[in-house]
Every structure is written in structure tokens, then in C-alpha cells.
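Following: one structure in C-alpha cells, then a few remarks.
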There are 4 protein chains.
Amino acid sequence: MDKKIPVGIIGATGAVGQRFISLLADHPWFEITDLLASERSAGQRYGDVVNWILPDPLPARVADLTVRQADEGRADARVLFSALPASQARALEPLFASRGHYIFSNASAFRMAEDVPLVITEVNPDHLDMIPEQQARRGWDGFIVCNANCTTTHLVGALHPLHLAFGVTKAFVATLQAASGAGYPGIPAMDLIDNVVPHSYGEEQKVETEPRKIMGDFVDGRFQFADMTLTAHCHRVPVLDGHTEAVSVALGREATREDILDAFRSYRRLPQELGLPSAPDPAVVVVEGMHRPQPRLDRMAGRGMATVVGRIRPCNLLDWRFSLLGHNTIRGAAGGSILNAELMGYWGRLG
Amino acid sequence: MDKKIPVGIIGATGAVGQRFISLLADHPWFEITDLLASERSAGQRYGDVVNWILPDPLPARVADLTVRQADEGRADARVLFSALPASQARALEPLFASRGHYIFSNASAFRMAEDVPLVITEVNPDHLDMIPEQQARRGWDGFIVCNANCTTTHLVGALHPLHLAFGVTKAFVATLQAASGAGYPGIPAMDLIDNVVPHSYGEEQKVETEPRKIMGDFVDGRFQFADMTLTAHCHRVPVLDGHTEAVSVALGREATREDILDAFRSYRRLPQELGLPSAPDPAVVVVEGMHRPQPRLDRMAGRGMATVVGRIRPCNLLDWRFSLLGHNTIRGAAGGSILNAELMGYWGRLG
Amino acid sequence: MDKKIPVGIIGATGAVGQRFISLLADHPWFEITDLLASERSAGQRYGDVVNWILPDPLPARVADLTVRQADEGRADARVLFSALPASQARALEPLFASRGHYIFSNASAFRMAEDVPLVITEVNPDHLDMIPEQQARRGWDGFIVCNANCTTTHLVGALHPLHLAFGVTKAFVATLQAASGAGYPGIPAMDLIDNVVPHSYGEEQKVETEPRKIMGDFVDGRFQFADMTLTAHCHRVPVLDGHTEAVSVALGREATREDILDAFRSYRRLPQELGLPSAPDPAVVVVEGMHRPQPRLDRMAGRGMATVVGRIRPCNLLDWRFSLLGHNTIRGAAGGSILNAELMGYWGRLG
Amino acid sequence: MDKKIPVGIIGATGAVGQRFISLLADHPWFEITDLLASERSAGQRYGDVVNWILPDPLPARVADLTVRQADEGRADARVLFSALPASQARALEPLFASRGHYIFSNASAFRMAEDVPLVITEVNPDHLDMIPEQQARRGWDGFIVCNANCTTTHLVGALHPLHLAFGVTKAFVATLQAASGAGYPGIPAMDLIDNVVPHSYGEEQKVETEPRKIMGDFVDGRFQFADMTLTAHCHRVPVLDGHTEAVSVALGREATREDILDAFRSYRRLPQELGLPSAPDPAVVVVEGMHRPQPRLDRMAGRGMATVVGRIRPCNLLDWRFSLLGHNTIRGAAGGSILNAELMGYWGRLG
């Protein structure tokens with residue numbers, strides 16, 4: 001691209017907002033021009049109001065931007081990444097979309113809406129074809145595209161190769177989720193010192209339903225959910241970044257361990273083929289050894305954009321079991337959103 | 001009892017050995033007379049050689065005992081609690097049993113032996129009737145009785161009430177296990193700072209097989225394994241004490257949530273009826289709220305001897321799912337062994 | 001005492017409020033009759049509104065009490081323990097005192113006020129004689145008595161024996177403070193996973209000034225600060241309970257290591273002599289070994305009411321250095337307040 | 001350089017050995033040709049015997065190298081980095097030096113030897129001129145050059161700018177040291193969950209003496225220790241990487257806060273001037289805010305090679321106090337050693 005596409009971030013001061021900034025700072029196609037946040041920060045220099053919690057330094061150019069008040073619904077950039085909490089996203093994202101903005105949202109507010117694509121770029125880029133229908137129905141010039149919940153993203157990252165190859169009919173998943181998934185301040189330290197905390201039932205429900213929309217078909221202008229039963233047990237653990245998930249799956253066709261490995265290793269999809277800037281290649285990294293994957297060692301695979309799998313072994317109840325791990329605030333949040341925008345940009349649909 | 005029964009601890013300086021000492025320090029029936037450990041500690045005052053890692057103070061009387069060398073196979077007490085690692089237990093426990101000692105072992109070495117009772121006092125006290133057969137077969141005056149793996153113990157603690165009431169046919173379990181389960185020094189700190197580690201496959205196998213022996217029948221002098229399929233995903237988490245387990249179960253008979261609750265709440269067994277000194281009452285503690293049980297808050301239920309359950313909700317794949325939690329070095333190790341010995345003492349079979 | 005003295009807790013739902021409840025639940029002299037909290041909780045059953053974060057169970061009788069709205073300034077009990085944040089204490093504590101209540105406050109709001117006793121029961125019980133003057137000046141029937149900051153409390157707990165014996169002229173202190181000192185929710189987990197955080201300068205200032213008031217004299221109706229220079233470096237560490245402090249001291253008189261040990265071991269003061277219910281005896285616990293004290297092993301010394309010292313060795317710059325440790329929410333907060341009230345009760349000054 | 005200089009690593013499988021490999025993998029001047037380890041690993045492919053514990057991937061080329069047995073004292077590369085424990089270094093480093101190898105050692109064995117340079121490249125490169133004397137005395141063709149203890153390295157990293165500008169006469173330091181400083185397996189997880197552990201007195205002694213050798217002069221062929229009194233309180237905390245140190249200093253000349261800042265910011269030394277490959281620039285990074293530096297946020301400053309300072313404020317006892325932080329296994333171990341070798345390489349003294 002000759003000229004970078006201006007982009008903005010709504011909810012720019014929070015944990016996910018910061019991750020968007022960090023990932024977009026040196027992006028080859030996108031350039032941050034708008035930072036939107038609450039009234040408290042509006043009108044001030046970003047570097048003066050943000051409590052920057054990432055080890056990567058706050059880019060100087062971004063620090064100097066002046067924060068705009070999100071709920072005024074104005075931004076210069078047409079493309080906006082939303083790091084809003086669900087409650088605020090519900091009102092603000094439609095407002096911006098109605099004013100012609102293209103919203104790539106990490107919020108859960110519209111993920112399950114019947115005219116909103118819930119997209120993992122490797123899995124269901126065709127769902128983006130719902131956009132014209134969404135615009136027509138809602139009378140918007142802009143649109144909303146969602147990425148999935150952090151836990152869903154990596155679960156689908158590992159299930160989709162198997163689903164393509166063998167058909168996944170059932171999956172049991174138990175998660176050990178990192179603290180950063182709850183944002184900042186998020187979980188109190190007193191809850192995660194010498195402790196783990198079962199997650200809310202709402203999280204489990206997301207993990208049980210979002211994958212079925214994402215791995216489902218887009219037919220006749222409607223999303224058809226994949227015919228697959230999921231059950232989830234979710235937990236928070238004293239880990240900063242990186243969700244671990246233990247999975248058992250039933251497959252539609254018989255598969256050997258070698259077949260499974262082959263399905264993971266040969267999984268190469270549109271983002272990889274197009275060489276999108278944030279696309280991990282490989283998308284699925286297979287690790288060896290019964291003690292892997294581990295958050296500290298594996299979360300940065302593919303610069304935090306890959307899903308890591310290991311411990312592939314037969315399951316006594318279903319067919320196979322394995323462990324997966326992925327970075328929850330990179331691929332599982334900001335990075336997933338950015339990859340969706342990259343595909344749209346590649347297709348020339350951000351003009 | 002008029003006079004306390006003298007007992008010894010083999011492997012007295014390790015983490016589980018210390019827990020035995022702590023739990024036996026003021027025991028109403030037992031009195032510690034023998035501490036056995038490796039050659040390195042032999043002949044020395046216990047207080048001078050032990051690196052005491054429990055917050056409870058080392059009892060002064062015990063600190064003054066002189067350590068004996070375990071592999072010489074000599075002890076004054078007839079009753080010995082074994083906190084040996086499996087590799088050493090394999091040789092030493094039979095040696096002591098052959099010399100007339102009654103071994104209550106926390107080691108895994110003989111748990112699955114076909115003539116060794118693997119006992120959770122609430123569940124299968126009748127398995128202790130294997131002892132005469134064991135003695136006859138092996139030509140021992142003594143015997144070996146095992147307690148279960150820490151994860152198994154609490155899994156069975158929660159499954160058994162359901163098995164009695166409805167029949168458990170399948171169970172899926174994912175564990176978040178505490179560091180103390182690996183003893184001391186055990187897991188390196190570098191592995192559990194900002195990290196979780198998948199457990200070894202050996203641990204998973206124990207969790208999948210031990211419950212079937214424990215919940216099985218003792219018929220015609222043989223253990224018949226329960227007809228139940230288990231599959232386990234095990235992990236280590238940065239928690240000091242207290243294993244959390246997420247469980248889905250299929251039941252032989254239909255059960256409502258109220259039925260499940262009732263099965264847990266009405267579970268009262270031999271140790272509770274006899275009022276054995278270490279018996280928790282209730283044996284199963286039910287906690288409310290979607291964020292419980294938690295290790296820090298719940299592990300000391302029943303002075304660390306109870307199994308805590310919560311989060312009872314329907315499962316999309318099997319029938320019900322719930323979470324359980326229990327103290328891994330109290331009920332899950334030393335305390336389980338002591339409770340077995342208490343029952344034998346109550347029955348007058350330690351004479 | 002024939003009949004228990006009714007007491008109330010202001011700020012009853014917070015972390016320190018819960019600790020007050022836990023420590024007062026079975027108190028031989030005091031009985032909880034009033035629980036005061038914010039408007040959000042007022043009028044409701046305590047057990048229904050509190051997010052109970054202690055491993056000790058919430059006492060059933062207390063759970064059934066109805067919460068009153070603190071800022072209405074009404075309570076049945078004359079004796080009130082304040083677990084308010086400083087900002088709220090500033091307005092509410094005087095209101096209650098003006099209405100005749102006896103306030104034992106853990107808040108920092110009035111600690112340095114020139115007519116408010118800042119008392120560690122072992123150190124300066126004579127400072128309580130300021131109360132009539134306080135009442136006269138302010139026209140109150142009630143009064144406010146403060147206990148010290150958690151870090152100060154244990155620092156003074158260790159310095160005072162040395163000050164009595166040798167005179168402490170200078171002290172350098174570096175702290176490693178537990179998360180619970182910031183209350184709940186308090187410190188975000190993301191700040192204390194794989195991390196430590198320097199504390200605020202305000203905390204350091206408290207540690208440098210409060211000890212001088214407490215160890216100072218009460219002469220001619222005025223507090224004279226001890227002539228002692230303190231400098232503090234404060235940090236938060238990933239520990240739940242238990243502040244560790246590394247201290248170097250200059251002494252007014254020469255002292256050998258044996259002298260120092262003797263000063264600690266012979267330290268027995270009014271609370272110990274009177275056998276007050278919450279008084280630890282000994283007040284100072286000396287531990288051996290270069291790796292002690294440690295929070296996990298030593299914080300419950302004296303049921304959390306003692307100060308633990310160890311690592312006594314010469315200092316290259318001042319005279320001696322040592323480490324100390326104490327429970328920050330027991331002795332360092334609620335327990336310190338209760339011990340002050342016990343002394344007043346013993347003296348018959350709570351009638 | 002036209003051709004890379006072959007280098008070897010003694011103690012290649014341990015935690016520091018792995019860090020050497022990671023830092024040398026793409027080094028512009030050095031190329032790893034020799035990996036030396038214990039008999040257990042000898043003769044095997046490095047990738048097959050190492051338990052790789054770094055998040056950075058093990059470089060494929062290095063994984064394929066065959067490990068040689070260290071205590072045979074043979075290596076192809078003349079330049080060897082030693083990651084040996086002190087006990088083994090004592091025998092092996094002289095053996096290699098006597099056979100003509102140039103040893104850059106991270107071990108403590110010879111740091112205080114009167115003919116061994118203990119070098120922080122920014123501080124005392126002139127101490128390397130002791131090498132001919134060392135060779136003459138010991139009859140070696142090779143030599144041993146040591147880098148400092150991890151805690152010392154960053155302490156000197158912050159003290160040296162002040163010493164140059166104002167003269168440091170006294171320093172009090174309290175440390176919060178990361179777990180990785182003890183190697184792997186190192187500290188047991190049970191010691192660092194909900195806990196901190198005072199460090200050994202030996203560590204404190206190193207921190208009190210090494211800086212005086214490093215900041216001392218090299219005059220008439222002898223090291224003269226700097227006239228400076230240090231006292232240290234050392235602790236281990238639940239942090240993976242990054243030592244935090246709280247420091248109070250007395251200065252020989254008066255200095256304002258601005259002077260101090262200026263001393264840090266203008267500190268630019270030989271490695272920076274020569275642009276050595278591993279030299280951080282700036283060498284000292286100043287951070288703002290009373291809650292910085294923090295390990296998680298600041299340890300990677302200068303790719304882990306810089307020392308980070310902050311919280312500069314007056315001290316009540318000495319003149320100034322501040323906090324510093326540095327990566328203990330990069331600059332504080334392998335990286336410090338490599339930077340020393342780079343200077344020698346630049347000077348053409350590795351030929």
C-alpha cells in the first residue's frame with residue numbers, strides 16, 4: 001500500500017486498548033490517528049493519562065496524540081478498533097457504524113448477533129460477506145465485525161484443523177486462563193496468590209456457543225451453527241498472559257495420532273497464503289513433550305498470533321485429547337481483530 | 001484407649017513425613033515413637049536434620065527423637081506410616097511388613113497390587129478384609145494398606161456419594177494441582193511463576209484407574225474394579241496446597257440438581273458414624289457461588305479432611321458437571337493414611 | 001467480666017472489617033452487635049452482602065446481623081472498631097466520637113493528630129491518658145484511639161525492645177509488604193504476578209514518623225516524638241499476608257549479639273503481664289537460621305499477634321541488622337486495635 | 001570482523017548456559033562451536049539432553065551440536081564462556097586457562113582472586129590489563145576474566161555514575177531478587193508461593209565486597225579496593241527475572257536531585273562509545289513515577305543489558321535514596337560476560 005490507512009482505537013487506555021496500540025505501532029498498512037476513551041481522559045495527551053502496563057514501550061508518536069471522548073461518536077479514521085467493555089460497546093459501536101465507521105470489535109456485545117460476522121481470519125473469512133446484509137438491515141454505511149472471545153479463539157484455532165479433516169462432533173474443554181483476560185485492574189491480587197478461581201458461567205457459555213457460529217456455514221445470507229456439542233469448565237490461574245486449554249474431542253471420522261498431527265501441521269489458510277502482516281505461519285505450532293505447552297514458554301509462538309498444541313493422546317471417553325495454548329491479549333484479542341482488518345484491507349474493502 | 005499406640009513414620013524428613021508428624025502430634029490414640037529416614041539423617045536428632053516447611057511448629061517432643069535409618073528395616077512401633085517415594089517403598093515396605101509391621105502407606109508402589117487394599121475409609125473399609133489373604137500369600141505377619149493418590153482421593157470423595165445414589169458410569173476430570181503434591185523441593189519455582197505445567201501422563205493414569213479399584217467390590221477374596229470410564233487432564237498450578245478438579249459425570253439413573261445436592265449432603269459413612277478422631281463431618285462440604293470452591297478459602301474444610309464441592313450445573317455432553325477441591329497433603333496424603341489406621345485401631349486390629 | 005461488652009465494626013464488609021469479625025467472633029469480653037457499612041449494604045443481612053474473603057468461616061451469628069448505614073452515625077454499641085478508609089474516617093470517626101462512642105481506629109486519618117493517642121499496647125499504653133484532654137478540647141463524650149500502620153506496628157514491635165535496652169538512634173528499613181495490606185480488591189493481580197511494585201511515598205512517610213510518636217513520651221499532656229531518624233524503602237510483593245522488613249539500627253549504647261537476643265527474649269510488657277485475651281506471649285518471637293523469618297512459615301506466630309525477628313548480624317554502616325516479620329491484617333490492623341480496646345476494658349474505661 | 005570467532009560454553013545445559021546460547025545465537029562476532037557439560041550429557045546431541053527453559057527457541061544449529069564432557073578439559077574454541085557452578089569452576093577454569101583458553105567466567109570462584117580482573121565493561125575495562133600478570137604468575141597461556149554477581153552488576157551499574165560524579169562513600173542496599181538467579185531447578189516452588197525468603201549471608205557478602213574491587217583502581221599491577229562501605233539485606237521474591245534493589249547512598253560531594261539525574265543520564269562509557277554489539281545505550285535508563293522500576297515492565301530495558309533507576313528522593317539517614325532494577329541472567333550473568341569478551345575482541349586480544 002502506498003499510503004497507510006488511518007485507524008483509531010476506542011477504549012484506548014485499557015489493557016486491550018494498549019495491546020492494540022502496541023501491535024499497531026509499526027504496522028505496515030495501518031497508522032494510528034485516533035485514540036478514543038472516556039470523558040476522564042478526553043482532551044489530554046495520551047501519554048499523560050494512560051497507566052501503561054505493557055513491557056513494550058509506549059510509542060512516542062502515539063503518546064503525543066490527544067485523546068477524544070469516545071461517547072461523542074466522532075473520529076477521523078474510518079477504521080476503528082474497539083476495545084470497549086461489552087456494556088459500552090452495545091451503545092457506541094452502532095453509533096460509530098451508523099456514522100460510516102468500520103468497527104473491528106473485540107467486545108462481546110454483538111458477537112452472537114445474527115447479522116454480525118464473528119470472524120477468525122483462518123476459519124470463516126466468508127462470513128465477512130454478511131456485511132452488506134448488515135448494512136442494509138441496519139441502514140448503516142459502516143459495519144461491525146467481531147472477533148471471538150480469547151478462549152474461543154484458540155479453542156477454534158485447534159479445533160478447526162481437526163474439524164476440516166475429520167469433523168469434530170463433541171468437545172470437552174477445561175481452561176486455565178490468564179489474569180490479563182479480565183483487563184486491568186481486573187482480578188485482585190488477593191484472589192490469585194496461592195489460589196485459582198473458577199470462572200463465571202457466562203465465560204463458559206461463550207466458549208460453548210461462539211465456536212459453533214465461527215465454524216458454521218454462511219449459507220443463503222444466514223449463519224448456520226456447526227453441529228457440534230461443547231462443554232466447558234473455565235478457571236482463572238496466576239498467569240499473566242496465555243490461556244491453557246485441555247481438550248477431549250470426538251471426531252466424525254477415525255483418525256490416528258499421525259493423522260491428527262498431520263491435520264495440525266498442514267493447516268495453512270487464507271491469512272498464511274496471502275501473507276497478511278499479522279498472520280502467524282504456521283498458524284498452529286505443535287510442541288513435543290508431556291509438559292508442554294506452558295504459558296511462559298509457548299505464548300509468544302508466532303509473535304503471540306499462533307495457537308500451540310501438544311500432548312496429543314487417546315481419550316478414554318471421546319476419541320482424542322490434547323492441550324492447547326495461546327496468547328489471550330494478542331491473538332485472543334487485539335491481534336485477532338487486526339488480522340480481520342488486514343484481510344479486509346487486502347481485499348480493498350476498507351476504502 | 002487407655003494407652004496410646006506407638007507409631008513410626010518412614011520417610012519422616014520429607015514433606016509428607018512432616019505432615020504425618022504434624023497431624024499425629026496431639027493424636028488421641030497414636031504416639032510417635034519412631035522416625036525413620038535416609039542414612040544422611042540417621043543417628044541424629046530429628047530437629048537438627050529436618051528442614052521443617054510447615055507453618056505449624058515442629059512439636060518439641062518429636063524434635064528430640066533420634067532418627068533411625070529406614071533401610072535397616074528396624075522400628076520399635078508395630079504401626080508404621082510410610083511417606084516414602086514409590087521407588088524406595090517398593091523395597092522397604094515389604095521388608096517391614098515381613099517383619100511384622102503394619103504399614104499404612106501413602107506411596108503408590110503397591111496401590112494397584114491385587115492383594116493390597118487401596119482404601120478411602122468412607123468408601124471401601126471392607127477392602128481391609130483382604131489383609132489376611134495378603135499375609136497368607138506373602139508369608140507376612142504384618143501387612144500393607146495403601147491410601148490413594150491425592151487427586152484420586154478427593155475425586156472419589158465427590159464421586160462416591162453420586163455413585164452410591166445414581167451410579168457413575170463416566171467421568172471426565174481436569175485438575176489444577178497444588179505444588180505441594182510433588183513434595184519438597186519438588187517443582188522448581190521457575191516452573192510455577194507466571195506459569196502452569198501439564199502434569200505427567202503417569203498421574204493421569206493413576207486418576208483413571210485408582211478410583212475404579214476403590215469404588216469396586218471386594219468379592220470372593222478379589223477386588224472387582226468398578227465399571228466406570230474415567231479420563232483425566234492433569235495440571236500443576238501455582239498453588240501451595242489444595243487440588244481443584246473440574247468434573248463432568250454421566251449417571252446410571254436420572255438425577256435433578258436437588259438430588260445431586262442431597263446425595264452430597266446426606267453422605268455420612270462409617271468414619272463419621274464411629275466418630276473416628278480424624279474423620280471430617282460432614283465428609284463432603286457443599287459451597288455456594290460460581291466462584292467457589294477455591295484453594296485458599298476452602299482447603300481447610302473439615303480441618304483439611306473434607307472434600308468440598310460446588311458449581312453443580314448440567315453438562316452439555318454428560319449429565320452433570322461440578323467442581324471439587326481438597327487438601328492434597330492432609331486428606332490427600334498423611335490424613336487419609338491416618339484415618340485408615342484409626343479404623344483399624346477402632347476395630348482392635350492394630351494389637 | 002460477667003457480661004460481654006457490645007461492640008460494633010464500621011466498614012464491616014471490607015478486608016479489615018472481616019478480620020475484625022473473625023477475631024471478635026469468639027472473643028471472651030466483646031460481642032459484635034453492630035455492623036456498619038456503606039449505603040449499598042445498609043438494611044441487608046451481612047451474610048448476603050459481604051464477599052467473605054477469609055479462609056475462616058463467617059460466623060453464623062454475625063452473618064445474620066443487619067447492616068446499618070455507617071454515615072448515618074448511629075450505633076447501639078458504645079465501643080466501635082473502625083476499619084474505614086482514611087478518607088471516610090476523617091468525617092465519620094469524629095461524628096461517632098461526638099455522639100459518645102469510643103472509637104478504636106485502624107484508619108490513618110487521625111494517627112498523627114496531636115490529641116489522639118497512637119497506641120501499640122506493649123509500647124505506649126500511657127498515651128491513652130491523652131483521652132480526657134482530647135474529649136475536653138473537642139467537646140466529645142467519646143474518643144478516638146488509633147493503632148499504627150501495619151508496617152509501623154511490627155517495626156516498632158522489634159525496635160521497642162532495643163530502644164528500651166540500648167536506645168535506638170537511627171534505623172534503616174526496607175519492606176516487602178503483603179498484598180492484603182491494600183485491602184480488597186486492592187492491588188491488581190497483573191501487578192503482582194512475576195512482579196514486585198515499589199510502594200507509594202506516603203507509606204514510607206508513615207513508617208518514618210509513626211514510630212517516633214509511639215516510642216515518644218507523653219509529658220505534660222503532650223506527645224514528644226522520640227529522637228530517632230528513620231528512613232524507609234517500601235515494596236509490595238506477591239505475598240498474601242505477612243510483611244517482611246529488613247532493618248539496620250544504630251544504638252545509643254554498645255550491645256553484643258547476645259544482648260540483642262536478650263532484649264528481644266526478655267521483652268514482656270503490660271499486655272503480657274495482664275494476660276489480655278489477644279496478647280501474644282512472647283510478644284517477640286526469635287527464629288533461627290539465615291532463611292527465616294518467612295511470611296508463610298512465621299506470620300501466624302502468637303496467632304498472628306507476635307512480631308518475629310531473626311537474622312541478627314552486625315551492620316557495616318550502623319550497628320546491627322536483622323529481619324522482622326509480622327501479620328499485617330491481624331496484629332498490623334484489626335488485632336492491634338482489639339488489643340488496645342482490651343486494655344481499656346481491663347482498666348474499666350469502656351463503661 | 002571478516003570471520004566469526006569460535007566460542008564455547010562450559011556448563012551449557014544449565015540456566016545460565018542456556019542464556020549464553022540464546023544471546024550468542026545470532027551474535028555478529030562470535031559463533032558457538034563448543035558446548036561442554038557434565039558426563040551425563042557428553043557425547044549426545046545438545047537438543048536431546050537440554051531441558052530448554054527459555055521462551056526464546058533453542059537455535060536449530062546449536063541443538064545439533066554434540067556435547068563434550070567439560071571435565072576432560074578439551075575444547076576447539078579458544079574463547080570459552082563459563083556458566084559453571086563455583087565448585088566446579090574452581091577446578092575446571094584453571095585447567096582450561098592453563099591449556100591456553102580465554103575464560104570469561106560468570107562463576108564466583110575467582111572473582112576476588114588478586115590477579116583476576118572482575119570486570120563490568122563500562123566501569124573498569126582497565127582491570128583487563130591484569131591479564132599478562134595473571135598469565136605470568138600462573139604460567140598460563142590463557143586467562144580468566146570474571147564478571148560480577150548479578151546483584152552486584154546492577155548495583156554498580158547505578159552506583160558508578162554517582163561515584164564518578166560525586167564519590168560514593170556509603171551505600172545501604174536491600175534486594176528483591178528473582179528466582180532465576182539461583183539457576184534451575186534452583187528455588188523450590190513451595191518456597192516462593194505466597195512467600196519471600198531471605199537470601200544467604202554469602203550473597204550479602206558478595207554484594208558488599210565485589211563493588212569495591214570493581215570500582216577500585218588498578219595501580220602498579222594491583223587492584224586497590226574503593227574506599228566505600230556497603231551493607232546489604234538480600235531477599236528472594238516470586239519474580240522470574242529481574243532484581244530490584246533499594247539503595248541509600250552517602251556522597252562525597254553535595255548533589256541536587258537534578259545533579260543525580262544528570263549523572264545517570266550522561267553516563268556514557270567505553271562500550272557505548274565503541275558501539276560494542278551487546279552494549280546498551282543508554283547504559284542507565286531513568287524511569288519516572290513512584291511505582292517504577294518494576295521487574296515485569298523494566299527488566300528488558302536495553303534488551304536486558306541496561307540498569308534501570310527511579311524513585312530518586314532524599315534519604316533521612318544518608319544523602320539520597322533510589323531504586324534500581326536489572327535483568328539478572330542477561331546483564332547480570334551471560335550478557336555481562338559477553339560484553340567483556342566483545343571489548344577484548346574489539347581490542348584484538350582474542351586472537
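By convention here, the chains of the C-alpha cells are called A, B, ... in the order presented, each chain's residues are numbered starting at 1, and ligands are numbered starting at 1 in the order presented.
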| field | Proximal residues of chain B relative to chain A (only C-alpha atoms; 6 Å) as a PyMOL selection string | value | chain B and resi 194-195+197-198+231+239-240+291+294-296+316
| field | Backbone-only DSSP, alpha helix (DSSP H) members of range 176-326 of chain D, as an NGL selection string | value | :D and (201-214 or 257-265 or 270-274 or 295-298)
Would you mind listing what lies within 12 Å of Glu273 in chain C as a short mmCIF file (atom, residue, chain, number, x, y, z; two decimals) with N, CA and C atoms, in the first residue's frame, with only C-alpha atoms counted and same-chain residues fewer than 4 positions away left out?
data_model
loop_
_atom_site.label_atom_id
_atom_site.label_comp_id
_atom_site.auth_asym_id
_atom_site.auth_seq_id
_atom_site.Cartn_x
_atom_site.Cartn_y
_atom_site.Cartn_z
N THR C 121 -0.12 -1.49 72.25
CA THR C 121 -0.41 -1.74 73.66
C THR C 121 0.84 -2.04 74.49
N GLU C 122 1.79 -2.76 73.92
CA GLU C 122 3.01 -3.07 74.66
C GLU C 122 3.89 -1.84 74.86
N TYR C 267 11.54 -9.30 76.49
CA TYR C 267 10.57 -8.23 76.30
C TYR C 267 9.18 -8.72 76.71
N ARG C 268 8.74 -8.30 77.85
CA ARG C 268 7.42 -8.71 78.37
C ARG C 268 6.79 -7.47 78.96
N ARG C 269 5.63 -7.09 78.48
CA ARG C 269 5.07 -5.79 78.79
C ARG C 269 3.67 -5.92 79.37
N PRO C 277 -6.63 -10.92 76.58
CA PRO C 277 -7.03 -12.07 75.74
C PRO C 277 -6.28 -12.17 74.41
N ALA C 279 -3.30 -10.78 73.75
CA ALA C 279 -1.86 -10.52 73.88
C ALA C 279 -1.05 -11.75 73.51
N PRO C 280 -0.08 -11.57 72.61
CA PRO C 280 0.82 -12.69 72.32
C PRO C 280 1.83 -12.80 73.46
N ASP C 281 2.25 -14.00 73.76
CA ASP C 281 3.25 -14.18 74.80
C ASP C 281 4.12 -15.35 74.41
N PRO C 282 5.33 -15.12 73.95
CA PRO C 282 6.03 -13.84 73.95
C PRO C 282 5.52 -12.89 72.86
N ALA C 283 5.77 -11.61 73.09
CA ALA C 283 5.39 -10.61 72.11
C ALA C 283 6.34 -10.63 70.92
N LEU C 343 -7.16 -3.49 76.71
CA LEU C 343 -6.52 -2.81 77.84
C LEU C 343 -7.48 -1.80 78.46
#
| query | Could you name the residues that touch Tyr102 in chain A at 8 Å or less, counting only C-alpha atoms, but leaving out those on the same chain fewer than 6 positions away, as JSON, numbers by chain? | reply | {"A": [78, 79, 80, 96, 142, 143, 144, 145, 350]}
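Distance check against Gly183 in chain B using only C-alpha atoms: of B:Val308, B:Ala250, B:Ile5, B:Leu84, the minimum falls on B:Leu84.
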Set the distance at 9 Å and use only C-alpha atoms: which residues neighbour Met300 in chain B once local chain neighbours fewer than 5 positions away are removed? I'd like the list as a PDB file with N, CA and C atoms, in the first residue's frame.
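In the end it all went to result-v3.pdb:
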ATOM      1  N   GLY B 242      -3.919 -27.747  48.043  1.00  0.00           N
ATOM      2  CA  GLY B 242      -5.321 -27.787  47.614  1.00  0.00           C
ATOM      3  C   GLY B 242      -5.451 -28.052  46.130  1.00  0.00           C
ATOM      4  N   PRO B 295      -8.938 -22.877  46.385  1.00  0.00           N
ATOM      5  CA  PRO B 295      -7.964 -23.466  47.322  1.00  0.00           C
ATOM      6  C   PRO B 295      -7.755 -22.651  48.594  1.00  0.00           C
ATOM      7  N   MET B 305      -9.654 -32.385  55.973  1.00  0.00           N
ATOM      8  CA  MET B 305     -10.031 -33.783  55.760  1.00  0.00           C
ATOM      9  C   MET B 305     -11.285 -33.944  54.896  1.00  0.00           C
ATOM     10  N   ALA B 306     -12.022 -32.860  54.647  1.00  0.00           N
ATOM     11  CA  ALA B 306     -13.248 -32.960  53.855  1.00  0.00           C
ATOM     12  C   ALA B 306     -12.960 -32.742  52.372  1.00  0.00           C
ATOM     13  N   GLY B 326      -9.865 -30.303  47.445  1.00  0.00           N
ATOM     14  CA  GLY B 326      -9.498 -30.936  48.701  1.00  0.00           C
ATOM     15  C   GLY B 326      -8.037 -30.697  49.010  1.00  0.00           C
ATOM     16  N   HIS B 327      -7.721 -30.797  50.271  1.00  0.00           N
ATOM     17  CA  HIS B 327      -6.327 -30.597  50.694  1.00  0.00           C
ATOM     18  C   HIS B 327      -5.530 -31.833  50.315  1.00  0.00           C
ATOM     19  N   ILE B 330      -3.119 -33.156  53.412  1.00  0.00           N
ATOM     20  CA  ILE B 330      -3.822 -33.628  54.614  1.00  0.00           C
ATOM     21  C   ILE B 330      -4.682 -34.816  54.165  1.00  0.00           C
TER      22      ILE B 330
ATOM     23  N   PRO C  55     -10.282 -17.417  54.905  1.00  0.00           N
ATOM     24  CA  PRO C  55     -10.478 -18.867  54.976  1.00  0.00           C
ATOM     25  C   PRO C  55     -11.286 -19.280  56.212  1.00  0.00           C
ATOM     26  N   ASP C  56     -11.182 -18.539  57.305  1.00  0.00           N
ATOM     27  CA  ASP C  56     -12.007 -18.853  58.485  1.00  0.00           C
ATOM     28  C   ASP C  56     -13.455 -18.604  58.098  1.00  0.00           C
TER      29      ASP C  56
END
| CA of Leu251 in chain D to CA of Asp319 in chain D, distance in Å rounded to a single decimal | 6.6 Å
| request: Extract, using only C-alpha atoms, all DNA, RNA and protein residues at most 9 Å from Arg331 in chain B, discarding same-chain residues fewer than 2 positions from it, and format them as a ChimeraX atom specification. | output: /B:150,153-154,303-307,326-329,333-337,339
| remark: Restricting to only C-alpha atoms, whichever of B:Val16, B:Leu325, B:Leu276, B:Ile260 is closest to Phe166 in chain B is B:Ile260
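CA of Trp29 in chain C to CA of Asn106 in chain C spans 19.8 Å [interatomic distance, one decimal].
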| field | Spatial neighbours of range 18-20 of chain C, 10 Å, only C-alpha atoms, chain gap at least 2 places, as JSON, numbers by chain | value | {"C": [8, 9, 10, 11, 12, 13, 14, 15, 16, 22, 23, 24, 25, 32, 50, 51, 52, 53, 54, 56, 58, 81, 82, 83, 329, 330, 333, 334, 335, 337, 338]}
